[in-house]
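Listing of query_16.cif, mmCIF, N, CA and C atoms
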data_coords
loop_
_atom_site.label_atom_id
_atom_site.label_comp_id
_atom_site.auth_asym_id
_atom_site.auth_seq_id
_atom_site.Cartn_x
_atom_site.Cartn_y
_atom_site.Cartn_z
N MET E 87 9.23 -17.27 6.77
CA MET E 87 8.77 -18.48 6.10
C MET E 87 8.65 -19.63 7.08
N ASN E 88 9.57 -19.74 8.03
CA ASN E 88 9.50 -20.82 9.02
C ASN E 88 8.24 -20.71 9.87
N PHE E 89 7.77 -19.49 10.04
CA PHE E 89 6.55 -19.25 10.81
C PHE E 89 5.36 -19.96 10.15
N TRP E 90 5.24 -19.85 8.84
CA TRP E 90 4.12 -20.47 8.13
C TRP E 90 4.26 -21.98 8.09
N ILE E 91 5.47 -22.47 8.06
CA ILE E 91 5.68 -23.92 8.13
C ILE E 91 5.20 -24.44 9.48
N ALA E 92 5.51 -23.72 10.55
CA ALA E 92 5.06 -24.12 11.88
C ALA E 92 3.54 -24.09 11.98
N ILE E 93 2.92 -23.07 11.40
CA ILE E 93 1.45 -22.99 11.42
C ILE E 93 0.84 -24.15 10.64
N GLY E 94 1.39 -24.44 9.47
CA GLY E 94 0.89 -25.55 8.67
C GLY E 94 1.07 -26.89 9.36
N ALA E 95 2.22 -27.10 9.99
CA ALA E 95 2.48 -28.36 10.70
C ALA E 95 1.54 -28.50 11.89
N THR E 96 1.28 -27.40 12.58
CA THR E 96 0.36 -27.44 13.71
C THR E 96 -1.06 -27.75 13.25
N ALA E 97 -1.48 -27.14 12.16
CA ALA E 97 -2.82 -27.39 11.63
C ALA E 97 -2.96 -28.86 11.20
N LEU E 98 -1.96 -29.39 10.54
CA LEU E 98 -2.01 -30.80 10.13
C LEU E 98 -2.01 -31.72 11.35
N GLY E 99 -1.22 -31.37 12.37
CA GLY E 99 -1.19 -32.17 13.58
C GLY E 99 -2.53 -32.17 14.29
N CYS E 100 -3.17 -31.01 14.37
CA CYS E 100 -4.50 -30.93 15.00
C CYS E 100 -5.51 -31.75 14.22
N TYR E 101 -5.45 -31.67 12.90
CA TYR E 101 -6.36 -32.45 12.08
C TYR E 101 -6.13 -33.95 12.28
N ALA E 102 -4.87 -34.36 12.36
CA ALA E 102 -4.54 -35.78 12.55
C ALA E 102 -5.04 -36.29 13.90
N VAL E 103 -4.90 -35.49 14.94
CA VAL E 103 -5.38 -35.89 16.26
C VAL E 103 -6.91 -36.01 16.25
N LYS E 104 -7.58 -35.06 15.62
CA LYS E 104 -9.04 -35.10 15.53
C LYS E 104 -9.50 -36.33 14.73
N LEU E 105 -8.82 -36.62 13.63
CA LEU E 105 -9.15 -37.78 12.82
C LEU E 105 -8.91 -39.07 13.59
N ALA E 106 -7.81 -39.12 14.34
CA ALA E 106 -7.53 -40.33 15.14
C ALA E 106 -8.62 -40.55 16.18
N GLY E 107 -9.13 -39.48 16.77
CA GLY E 107 -10.20 -39.60 17.74
C GLY E 107 -11.49 -40.12 17.12
N LEU E 108 -11.75 -39.73 15.89
CA LEU E 108 -12.96 -40.19 15.21
C LEU E 108 -12.84 -41.64 14.74
N LEU E 109 -11.62 -42.11 14.54
CA LEU E 109 -11.41 -43.47 14.05
C LEU E 109 -11.35 -44.52 15.16
N VAL E 110 -11.38 -44.10 16.42
CA VAL E 110 -11.35 -45.05 17.54
C VAL E 110 -12.69 -45.78 17.58
N PRO E 111 -12.65 -47.12 17.66
CA PRO E 111 -13.91 -47.88 17.72
C PRO E 111 -14.71 -47.54 18.98
N ALA E 112 -16.02 -47.56 18.87
CA ALA E 112 -16.90 -47.22 19.99
C ALA E 112 -16.70 -48.16 21.17
N GLY E 113 -16.37 -49.42 20.89
CA GLY E 113 -16.15 -50.38 21.97
C GLY E 113 -15.00 -50.00 22.89
N VAL E 114 -13.98 -49.38 22.33
CA VAL E 114 -12.84 -48.95 23.13
C VAL E 114 -13.25 -47.82 24.07
N LEU E 115 -14.09 -46.92 23.58
CA LEU E 115 -14.51 -45.77 24.38
C LEU E 115 -15.46 -46.15 25.51
N GLU E 116 -16.08 -47.31 25.43
CA GLU E 116 -17.02 -47.74 26.47
C GLU E 116 -16.34 -48.46 27.62
N ARG E 117 -15.05 -48.74 27.53
CA ARG E 117 -14.35 -49.43 28.61
C ARG E 117 -14.30 -48.54 29.85
N PRO E 118 -14.45 -49.13 31.05
CA PRO E 118 -14.45 -48.32 32.28
C PRO E 118 -13.15 -47.54 32.49
N MET E 119 -12.02 -48.14 32.17
CA MET E 119 -10.73 -47.46 32.35
C MET E 119 -10.63 -46.22 31.45
N VAL E 120 -11.09 -46.35 30.22
CA VAL E 120 -11.04 -45.23 29.28
C VAL E 120 -12.00 -44.12 29.72
N ARG E 121 -13.19 -44.50 30.20
CA ARG E 121 -14.14 -43.50 30.69
C ARG E 121 -13.58 -42.75 31.90
N ARG E 122 -12.94 -43.48 32.80
CA ARG E 122 -12.36 -42.85 33.99
C ARG E 122 -11.22 -41.91 33.61
N LEU E 123 -10.38 -42.36 32.69
CA LEU E 123 -9.28 -41.52 32.22
C LEU E 123 -9.81 -40.27 31.54
N ALA E 124 -10.85 -40.41 30.74
CA ALA E 124 -11.43 -39.25 30.05
C ALA E 124 -12.04 -38.26 31.04
N ALA E 125 -12.52 -38.75 32.16
CA ALA E 125 -13.10 -37.86 33.17
C ALA E 125 -12.03 -37.15 33.99
N LEU E 126 -10.91 -37.82 34.25
CA LEU E 126 -9.89 -37.26 35.13
C LEU E 126 -8.80 -36.48 34.41
N LEU E 127 -8.56 -36.77 33.16
CA LEU E 127 -7.47 -36.13 32.43
C LEU E 127 -7.61 -34.61 32.32
N PRO E 128 -8.78 -34.06 32.00
CA PRO E 128 -8.89 -32.59 31.94
C PRO E 128 -8.58 -31.91 33.27
N VAL E 129 -8.97 -32.53 34.36
CA VAL E 129 -8.70 -31.95 35.68
C VAL E 129 -7.20 -31.92 35.94
N ALA E 130 -6.53 -33.02 35.62
CA ALA E 130 -5.08 -33.09 35.83
C ALA E 130 -4.35 -32.08 34.95
N LEU E 131 -4.76 -31.95 33.71
CA LEU E 131 -4.12 -30.99 32.81
C LEU E 131 -4.34 -29.55 33.26
N LEU E 132 -5.55 -29.25 33.72
CA LEU E 132 -5.82 -27.90 34.21
C LEU E 132 -5.02 -27.59 35.48
N ALA E 133 -4.90 -28.58 36.37
CA ALA E 133 -4.10 -28.38 37.58
C ALA E 133 -2.63 -28.16 37.23
N ALA E 134 -2.11 -28.92 36.28
CA ALA E 134 -0.72 -28.74 35.87
C ALA E 134 -0.49 -27.38 35.23
N LEU E 135 -1.42 -26.94 34.40
CA LEU E 135 -1.31 -25.63 33.78
C LEU E 135 -1.37 -24.52 34.82
N THR E 136 -2.27 -24.65 35.78
CA THR E 136 -2.37 -23.65 36.85
C THR E 136 -1.09 -23.58 37.66
N ALA E 137 -0.54 -24.73 38.02
CA ALA E 137 0.71 -24.76 38.79
C ALA E 137 1.86 -24.15 38.00
N GLN E 138 1.94 -24.48 36.72
CA GLN E 138 3.03 -23.95 35.90
C GLN E 138 2.92 -22.43 35.74
N GLN E 139 1.72 -21.94 35.53
CA GLN E 139 1.52 -20.51 35.35
C GLN E 139 1.66 -19.74 36.65
N THR E 140 1.42 -20.39 37.79
CA THR E 140 1.48 -19.72 39.08
C THR E 140 2.89 -19.70 39.65
N PHE E 141 3.58 -20.81 39.55
CA PHE E 141 4.85 -20.95 40.27
C PHE E 141 6.09 -20.91 39.39
N ALA E 142 5.96 -20.68 38.10
CA ALA E 142 7.13 -20.69 37.21
C ALA E 142 7.27 -19.37 36.47
N ASP E 143 8.50 -18.97 36.29
CA ASP E 143 8.83 -17.82 35.45
C ASP E 143 10.04 -18.23 34.64
N GLY E 144 9.79 -18.74 33.45
CA GLY E 144 10.89 -19.30 32.67
C GLY E 144 11.31 -20.63 33.26
N HIS E 145 12.55 -20.70 33.72
CA HIS E 145 13.06 -21.93 34.31
C HIS E 145 13.26 -21.81 35.81
N THR E 146 12.67 -20.80 36.44
CA THR E 146 12.85 -20.60 37.87
C THR E 146 11.53 -20.72 38.61
N LEU E 147 11.62 -21.14 39.86
CA LEU E 147 10.46 -21.23 40.73
C LEU E 147 10.23 -19.86 41.35
N VAL E 148 8.98 -19.40 41.31
CA VAL E 148 8.66 -18.06 41.80
C VAL E 148 7.50 -18.16 42.78
N LEU E 149 7.65 -17.52 43.93
CA LEU E 149 6.55 -17.40 44.88
C LEU E 149 6.26 -15.91 45.04
N ASP E 150 5.21 -15.47 44.38
CA ASP E 150 4.86 -14.05 44.42
C ASP E 150 3.36 -13.89 44.67
N ALA E 151 2.79 -12.81 44.21
CA ALA E 151 1.38 -12.52 44.46
C ALA E 151 0.45 -13.57 43.84
N ARG E 152 0.91 -14.20 42.75
CA ARG E 152 0.07 -15.23 42.12
C ARG E 152 -0.14 -16.41 43.06
N ALA E 153 0.90 -16.79 43.79
CA ALA E 153 0.78 -17.90 44.74
C ALA E 153 -0.18 -17.53 45.88
N ALA E 154 -0.11 -16.29 46.34
CA ALA E 154 -1.02 -15.85 47.39
C ALA E 154 -2.48 -15.85 46.88
N GLY E 155 -2.68 -15.43 45.64
CA GLY E 155 -4.02 -15.45 45.06
C GLY E 155 -4.56 -16.86 44.93
N LEU E 156 -3.69 -17.79 44.55
CA LEU E 156 -4.10 -19.19 44.46
C LEU E 156 -4.45 -19.74 45.85
N GLY E 157 -3.67 -19.36 46.85
CA GLY E 157 -3.97 -19.79 48.21
C GLY E 157 -5.28 -19.23 48.71
N ALA E 158 -5.55 -17.96 48.39
CA ALA E 158 -6.82 -17.35 48.79
C ALA E 158 -7.99 -18.03 48.09
N ALA E 159 -7.80 -18.40 46.83
CA ALA E 159 -8.86 -19.12 46.11
C ALA E 159 -9.10 -20.49 46.74
N ALA E 160 -8.03 -21.15 47.17
CA ALA E 160 -8.17 -22.46 47.81
C ALA E 160 -8.96 -22.33 49.12
N VAL E 161 -8.69 -21.28 49.88
CA VAL E 161 -9.42 -21.05 51.13
C VAL E 161 -10.89 -20.79 50.82
N ALA E 162 -11.16 -20.00 49.79
CA ALA E 162 -12.56 -19.73 49.41
C ALA E 162 -13.27 -21.01 48.97
N LEU E 163 -12.53 -21.89 48.30
CA LEU E 163 -13.13 -23.17 47.89
C LEU E 163 -13.44 -24.05 49.10
N VAL E 164 -12.53 -24.07 50.08
CA VAL E 164 -12.76 -24.85 51.29
C VAL E 164 -13.99 -24.33 52.03
N LEU E 165 -14.19 -23.03 51.99
CA LEU E 165 -15.35 -22.42 52.63
C LEU E 165 -16.61 -22.53 51.77
N ARG E 166 -16.52 -23.23 50.66
CA ARG E 166 -17.64 -23.50 49.74
C ARG E 166 -18.26 -22.23 49.16
N ALA E 167 -17.39 -21.30 48.79
CA ALA E 167 -17.86 -20.08 48.14
C ALA E 167 -18.25 -20.39 46.70
N PRO E 168 -19.17 -19.62 46.13
CA PRO E 168 -19.52 -19.80 44.71
C PRO E 168 -18.30 -19.51 43.81
N PHE E 169 -18.33 -20.06 42.60
CA PHE E 169 -17.17 -19.97 41.71
C PHE E 169 -16.77 -18.53 41.43
N LEU E 170 -17.73 -17.66 41.16
CA LEU E 170 -17.38 -16.26 40.87
C LEU E 170 -16.76 -15.57 42.07
N VAL E 171 -17.16 -15.95 43.27
CA VAL E 171 -16.55 -15.39 44.48
C VAL E 171 -15.11 -15.89 44.60
N VAL E 172 -14.88 -17.16 44.30
CA VAL E 172 -13.53 -17.72 44.36
C VAL E 172 -12.61 -16.97 43.40
N VAL E 173 -13.07 -16.77 42.18
CA VAL E 173 -12.27 -16.04 41.19
C VAL E 173 -12.04 -14.60 41.64
N GLY E 174 -13.08 -13.96 42.15
CA GLY E 174 -12.95 -12.60 42.63
C GLY E 174 -11.97 -12.46 43.78
N VAL E 175 -12.01 -13.40 44.72
CA VAL E 175 -11.07 -13.38 45.84
C VAL E 175 -9.64 -13.53 45.33
N ALA E 176 -9.43 -14.45 44.40
CA ALA E 176 -8.08 -14.64 43.85
C ALA E 176 -7.59 -13.39 43.14
N VAL E 177 -8.46 -12.76 42.38
CA VAL E 177 -8.08 -11.55 41.65
C VAL E 177 -7.76 -10.42 42.62
N LEU E 178 -8.62 -10.22 43.62
CA LEU E 178 -8.39 -9.13 44.57
C LEU E 178 -7.11 -9.31 45.38
N VAL E 179 -6.85 -10.52 45.83
CA VAL E 179 -5.64 -10.77 46.61
C VAL E 179 -4.40 -10.58 45.74
N THR E 180 -4.42 -11.13 44.54
CA THR E 180 -3.27 -10.99 43.64
C THR E 180 -3.03 -9.53 43.28
N ALA E 181 -4.09 -8.83 42.88
CA ALA E 181 -3.94 -7.42 42.49
C ALA E 181 -3.53 -6.57 43.69
N GLY E 182 -4.11 -6.85 44.85
CA GLY E 182 -3.75 -6.09 46.04
C GLY E 182 -2.29 -6.25 46.41
N LEU E 183 -1.80 -7.47 46.39
CA LEU E 183 -0.39 -7.70 46.71
C LEU E 183 0.55 -7.10 45.67
N ARG E 184 0.15 -7.17 44.41
CA ARG E 184 1.00 -6.56 43.38
C ARG E 184 1.03 -5.04 43.53
N ALA E 185 -0.09 -4.45 43.94
CA ALA E 185 -0.13 -3.00 44.13
C ALA E 185 0.72 -2.58 45.32
N VAL E 186 0.72 -3.40 46.37
CA VAL E 186 1.47 -3.06 47.58
C VAL E 186 2.98 -3.29 47.37
N THR E 187 3.33 -4.40 46.72
CA THR E 187 4.76 -4.74 46.56
C THR E 187 5.38 -4.12 45.33
N GLY E 188 4.57 -3.65 44.42
CA GLY E 188 5.10 -2.97 43.24
C GLY E 188 5.42 -3.91 42.19
#

Full structure transcribed into structure tokens:
Amino acid sequence: MNFWIAIGATALGCYAVKLAGLLVPAGVLERPMVRRLAALLPVALLAALTAQQTFADGHTLVLDARAAGLGAAAVALVLRAPFLVVVGVAVLVTAGLRAVTG
């Protein structure tokens, strides 16, 4: 039963956030600071999610094949590789290291 309460609360929360976004006056959204924040916030959130998923396992810091894959992707980005190549390099390095280390 608690599971359905959590689902209902989450659905109501999502609806409330969406409604709050629709109720913001257009003048507020046209401010330069708000536009800049809206442009930079998704990048910051994605970077934080990537770091958390790469370097954390529960409450501990982990440096394993995922970190090596992220490093290989960073090198591919510096070399200006296309996005699919960057993803492929990260996957191959991560999978290769996991296969070798077990």

Inset, instruction - Quick one: apply the PyMOL selection byres (((chain E and resi 152-169 and name CA) around 8) and name CA) to the file and drop the selected residues here as a PyMOL selection string. - result: chain E and resi 140-141+149-151+170-173+175-180

Legend entry - Gap from atom N of Leu132 of chain E to atom CA of Val120 of chain E - Å, one decimal: 17.5 Å

Inset, instruction - Can you list, as a ChimeraX atom specification, all residues belonging to chain E that DSSP tags as strand (DSSP E or B)? - result: /E:142-143,146-147

Inset, instruction - Would you mind reading off the distance between atom CA of Ala125 of chain E and atom N of Ala97 of chain E, one decimal, in Å? - result: 26.3 Å

Legend entry - Backbone DSSP call of alpha helix (DSSP H) for segment 106-148 of chain E, listed as a VMD selection string: chain E and resid 106 to 109 112 to 115 118 to 141
